[in-house]
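A short write-up of the structure that comes next.
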Amino acid sequence: MIAIIADDHPLFRVALSQAAQTILGDQALLLQAENMERVWALLRQHPDTSLIFLDLKMPGADGFAGLTALRTEYPDVTVLMVSAVEEPAVIKQAMQLGAAAYVPKSAPLELMSAAIDAVQQGDTWLPAELSQEVADATSLIDDDFANRLEQLTPQQFRVLKMIADGLLNKQIAYEMTVQETTIKQHVSAILRKLNVNNRTQAGILFEKLKLPDSHS
């Protein structure tokens, strides 16, 4: 199997790689990425990647946007969140947006092993001591918005991100090397699927995917 260790701290990447190699075995190919740009590059090079260990606050991740983009673009890749953020509401949101597991960086090796075993069997996983708090936490993003996001194609999600970044249709077309009419069609579909009236409202919704200021 191929797995990607995605974290911006070199020492943690090395430590997690060593731990994951021990758990997954010598046959597993473990790759490392220090930002989301590198994650996308590795996925293009290794489309048969099956597991990503993703840091929530890695450069380019934009909070939950990186997770959501991965789940949209590569729905068959299992995403295991590894983060120093242990706020129940944040963990709940990550799981609602498609993370298969959430492992605090403070967790011992045996918990990481349990998480990997669970996701490889198609299950979800949380530390037992956090499960009830996560279940009781208030959602940061309402379920309706999360469900509407799932309707977007990978191209539409990329367009939505660029709308939120303030790019015009012709600028988005240039970035995606397509015709402006194609972008207009994407924008129309995005507004319809998100049930909003204009680009500004769509951009505001996208901003919800970023971590609250208290967790940034």
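By order of appearance in the structure tokens: chains A, B, ..., then residues from 1 within every chain, and ligands from 1 in the order shown.
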Residue contacts of stretch 87-94 of chain A (12 Å, only C-alpha atoms) excluding same-chain residues fewer than 4 positions away, as a VMD selection string: chain A and resid 54 to 57 63 to 68 71 79 to 83 98 to 104 124 to 127 129 to 143 145 to 146 208 to 216
Would you put the residues from that selection into a file with C-alpha atoms, as a PDB file, in the first residue's frame?
```
ATOM      1  CA  LEU A  54      -3.368  14.697   7.398  1.00  0.00           C
ATOM      2  CA  ASP A  55      -2.473  17.529   9.767  1.00  0.00           C
ATOM      3  CA  LEU A  56      -5.454  19.857  10.177  1.00  0.00           C
ATOM      4  CA  LYS A  57      -3.348  23.033  10.334  1.00  0.00           C
ATOM      5  CA  GLY A  63      -8.742  24.310   7.996  1.00  0.00           C
ATOM      6  CA  PHE A  64     -11.333  21.811   6.814  1.00  0.00           C
ATOM      7  CA  ALA A  65     -11.033  22.920   3.173  1.00  0.00           C
ATOM      8  CA  GLY A  66      -8.040  20.644   2.552  1.00  0.00           C
ATOM      9  CA  LEU A  67      -9.875  17.645   3.980  1.00  0.00           C
ATOM     10  CA  THR A  68     -13.000  18.438   1.960  1.00  0.00           C
ATOM     11  CA  ARG A  71     -12.590  13.777  -0.092  1.00  0.00           C
ATOM     12  CA  VAL A  79      -7.994  10.297   5.408  1.00  0.00           C
ATOM     13  CA  LEU A  80      -6.775   9.887   8.967  1.00  0.00           C
ATOM     14  CA  MET A  81      -6.511  13.232  10.750  1.00  0.00           C
ATOM     15  CA  VAL A  82      -3.544  13.696  13.090  1.00  0.00           C
ATOM     16  CA  SER A  83      -3.718  17.007  14.933  1.00  0.00           C
ATOM     17  CA  GLY A  98     -15.242  12.650   5.787  1.00  0.00           C
ATOM     18  CA  ALA A  99     -12.229  11.931   7.988  1.00  0.00           C
ATOM     19  CA  ALA A 100     -12.120   8.223   8.831  1.00  0.00           C
ATOM     20  CA  ALA A 101     -10.281   8.778  12.110  1.00  0.00           C
ATOM     21  CA  TYR A 102      -8.994  11.596  14.300  1.00  0.00           C
ATOM     22  CA  VAL A 103      -5.852  10.955  16.331  1.00  0.00           C
ATOM     23  CA  PRO A 104      -4.482  13.614  18.713  1.00  0.00           C
ATOM     24  CA  THR A 124     -14.189   5.075  11.730  1.00  0.00           C
ATOM     25  CA  TRP A 125     -12.163   5.695  14.870  1.00  0.00           C
ATOM     26  CA  LEU A 126     -11.922   8.188  17.726  1.00  0.00           C
ATOM     27  CA  PRO A 127     -10.121   7.955  21.084  1.00  0.00           C
ATOM     28  CA  GLU A 129     -12.167   9.069  26.073  1.00  0.00           C
ATOM     29  CA  LEU A 130     -13.253  11.730  23.561  1.00  0.00           C
ATOM     30  CA  SER A 131     -16.143   9.890  21.916  1.00  0.00           C
ATOM     31  CA  GLN A 132     -18.938  11.180  24.155  1.00  0.00           C
ATOM     32  CA  GLU A 133     -17.651  14.762  24.160  1.00  0.00           C
ATOM     33  CA  VAL A 134     -17.465  14.691  20.368  1.00  0.00           C
ATOM     34  CA  ALA A 135     -20.976  13.272  20.095  1.00  0.00           C
ATOM     35  CA  ASP A 136     -22.313  16.011  22.382  1.00  0.00           C
ATOM     36  CA  ALA A 137     -20.410  18.872  20.709  1.00  0.00           C
ATOM     37  CA  THR A 138     -22.209  21.501  18.660  1.00  0.00           C
ATOM     38  CA  SER A 139     -21.477  21.223  14.943  1.00  0.00           C
ATOM     39  CA  LEU A 140     -19.377  24.049  13.499  1.00  0.00           C
ATOM     40  CA  ILE A 141     -20.981  23.522  10.087  1.00  0.00           C
ATOM     41  CA  ASP A 142     -24.604  22.518   9.670  1.00  0.00           C
ATOM     42  CA  ASP A 143     -25.355  19.158   8.111  1.00  0.00           C
ATOM     43  CA  PHE A 145     -24.190  22.666   4.077  1.00  0.00           C
ATOM     44  CA  ALA A 146     -21.979  19.595   4.459  1.00  0.00           C
ATOM     45  CA  LYS A 208     -17.011  28.243   7.089  1.00  0.00           C
ATOM     46  CA  LEU A 209     -14.574  25.479   6.209  1.00  0.00           C
ATOM     47  CA  LYS A 210     -11.723  27.391   7.808  1.00  0.00           C
ATOM     48  CA  LEU A 211     -10.956  26.798  11.471  1.00  0.00           C
ATOM     49  CA  PRO A 212     -12.498  29.243  13.959  1.00  0.00           C
ATOM     50  CA  ASP A 213     -10.042  31.925  15.091  1.00  0.00           C
ATOM     51  CA  SER A 214      -9.631  30.243  18.462  1.00  0.00           C
ATOM     52  CA  HIS A 215      -8.120  27.181  16.727  1.00  0.00           C
ATOM     53  CA  SER A 216      -6.086  28.902  14.005  1.00  0.00           C
TER      54      SER A 216
END
```
Alpha helix (DSSP H) residues, from DSSP on the backbone, in chain A, as a PyMOL selection string: chain A and resi 10-24+36-45+64-73+88-96+109-120+128-136+143-150+154-164+169-176+180-194+199-207
A:Ser50 surroundings by only C-alpha atoms, 10 Å radius, close-in-sequence under 2 positions cut, as a VMD selection string: chain A and resid 1 to 4 43 46 to 48 52 74 76 to 79 120
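Among A:Ala28, A:Leu194, A:Ala19, A:Ala128, the residue with the shortest atom-to-atom distance to A:Asn147, counting only C-alpha atoms, is A:Leu194.
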Sel. of strand (DSSP E or B) residues, stretch 4-195 of chain A, as JSON, numbers by chain: {"A": [4, 5, 6, 29, 30, 31, 32, 33, 51, 52, 53, 54, 78, 79, 80, 81, 82, 83, 101, 102, 103, 104, 125]}
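Contact shell of stretch 181-185 of chain A at 10 Å (only C-alpha atoms; same-chain neighbours under 2 positions omitted): Gln155, Gln156, Val159, Leu168, Asn169, Lys170, Gln171, Ile172, Ala173, Tyr174, Met176, Val178, Gln179, Val187, Ser188, Ala189 and Ile190 of chain A.
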Based on the selection just made, write C-alpha atoms of those residues as a compact mmCIF listing (two decimals), in the first residue's frame.
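So the final result, stored in selection-v1.txt, reads:
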```
# COMPACT_ATOMS: atom_id res chain seq x y z
CA GLN A 155 -13.72 21.07 -10.56
CA GLN A 156 -16.61 22.91 -8.93
CA VAL A 159 -13.82 27.00 -8.56
CA LEU A 168 -12.96 36.72 -11.24
CA ASN A 169 -14.27 34.21 -13.78
CA LYS A 170 -11.58 35.07 -16.33
CA GLN A 171 -8.88 34.66 -13.68
CA ILE A 172 -10.28 31.29 -12.63
CA ALA A 173 -10.43 30.24 -16.29
CA TYR A 174 -6.76 31.16 -16.68
CA MET A 176 -7.70 26.13 -14.70
CA VAL A 178 -10.35 26.40 -19.60
CA GLN A 179 -12.71 28.78 -21.35
CA VAL A 187 -20.46 28.95 -11.06
CA SER A 188 -24.12 28.49 -11.99
CA ALA A 189 -23.98 24.85 -10.86
CA ILE A 190 -22.24 25.82 -7.60
```
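Straight-line separation from atom CA of A:Pro59 to atom CA of A:Phe206: 17.4 Å.
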Spatial neighbours of stretch 32-40 of chain A, 9 Å, only C-alpha atoms, chain gap at least 3 places, as a PyMOL selection string: chain A and resi 3-10+13-14+17+43-45+52+58-61+66+70
Go ahead and save the picked residues with N, CA, C and O atoms, as a compact mmCIF listing (two decimals), in the first residue's frame.
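Result file is part18.txt:
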```txt
# COMPACT_ATOMS: atom_id res chain seq x y z
N ALA A 3 1.00 5.25 1.39
CA ALA A 3 0.43 6.21 2.33
C ALA A 3 1.25 7.49 2.31
O ALA A 3 2.44 7.48 2.03
N ILE A 4 0.57 8.61 2.58
CA ILE A 4 1.23 9.91 2.62
C ILE A 4 1.15 10.47 4.04
O ILE A 4 0.07 10.51 4.63
N ILE A 5 2.30 10.88 4.56
CA ILE A 5 2.37 11.56 5.85
C ILE A 5 2.40 13.05 5.56
O ILE A 5 3.40 13.57 5.05
N ALA A 6 1.33 13.76 5.85
CA ALA A 6 1.23 15.18 5.51
C ALA A 6 1.24 16.03 6.78
O ALA A 6 0.24 16.11 7.51
N ASP A 7 2.39 16.67 7.03
CA ASP A 7 2.54 17.51 8.22
C ASP A 7 3.68 18.48 7.97
O ASP A 7 4.66 18.12 7.31
N ASP A 8 3.56 19.71 8.48
CA ASP A 8 4.59 20.71 8.19
C ASP A 8 5.76 20.69 9.16
O ASP A 8 6.71 21.45 8.99
N HIS A 9 5.73 19.82 10.16
CA HIS A 9 6.85 19.72 11.10
C HIS A 9 7.72 18.51 10.74
O HIS A 9 7.26 17.37 10.89
N PRO A 10 8.95 18.74 10.27
CA PRO A 10 9.82 17.63 9.81
C PRO A 10 10.02 16.54 10.85
O PRO A 10 9.95 15.35 10.52
N ARG A 13 6.92 14.47 11.14
CA ARG A 13 6.76 13.63 9.94
C ARG A 13 7.61 12.37 10.05
O ARG A 13 7.17 11.27 9.74
N VAL A 14 8.87 12.55 10.45
CA VAL A 14 9.78 11.41 10.56
C VAL A 14 9.28 10.44 11.63
O VAL A 14 9.24 9.22 11.41
N SER A 17 6.18 8.69 10.39
CA SER A 17 6.54 7.74 9.33
C SER A 17 7.10 6.46 9.93
O SER A 17 6.75 5.35 9.50
N LEU A 43 -0.18 12.78 -4.95
CA LEU A 43 -1.37 12.03 -5.39
C LEU A 43 -1.41 11.89 -6.91
O LEU A 43 -1.86 10.86 -7.43
N ARG A 44 -0.95 12.91 -7.61
CA ARG A 44 -0.88 12.80 -9.08
C ARG A 44 0.15 11.76 -9.50
O ARG A 44 -0.06 11.01 -10.46
N GLN A 45 1.25 11.71 -8.77
CA GLN A 45 2.32 10.75 -9.08
C GLN A 45 1.94 9.33 -8.64
O GLN A 45 2.37 8.35 -9.26
N ILE A 52 -3.98 8.67 3.80
CA ILE A 52 -3.29 9.94 4.06
C ILE A 52 -3.43 10.28 5.54
O ILE A 52 -4.53 10.29 6.08
N MET A 58 -1.94 22.24 8.52
CA MET A 58 -0.80 22.29 7.61
C MET A 58 -0.96 23.42 6.58
O MET A 58 -2.09 23.74 6.18
N PRO A 59 0.14 24.06 6.15
CA PRO A 59 0.05 25.12 5.13
C PRO A 59 -0.72 24.68 3.89
O PRO A 59 -0.47 23.61 3.35
N GLY A 60 -1.67 25.51 3.49
CA GLY A 60 -2.47 25.22 2.30
C GLY A 60 -3.73 24.43 2.59
O GLY A 60 -4.59 24.28 1.72
N ALA A 61 -3.86 23.94 3.83
CA ALA A 61 -5.04 23.12 4.16
C ALA A 61 -6.28 23.98 4.39
O ALA A 61 -7.40 23.51 4.18
N GLY A 66 -8.94 21.65 3.10
CA GLY A 66 -8.04 20.64 2.55
C GLY A 66 -8.63 19.25 2.64
O GLY A 66 -8.58 18.47 1.69
N LEU A 70 -9.78 16.90 -0.55
CA LEU A 70 -9.29 15.53 -0.71
C LEU A 70 -10.44 14.55 -0.86
O LEU A 70 -10.40 13.66 -1.72
```
Which of A:Ser106, A:Glu207, A:Asp123, A:Asn197 sits closest to A:Met162 [using only C-alpha atoms]: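 Result for the nearest residue to A:Met162: A:Glu207.
Counting only C-alpha atoms, the residue from A:Thr200, A:Asn195, A:Gln121, A:Gln151 that sits nearest to A:Ile163 is A:Thr200.
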Point-to-point distance from atom CA of A:Met95 to atom CA of A:Arg148, Å rounded to tenths: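 For atom CA of A:Met95 relative to atom CA of A:Arg148, the distance reads 16.1 Å.
Note that the spacing between atom CA of A:Thr72 and atom CA of A:Leu149 amounts to 8.8 Å.
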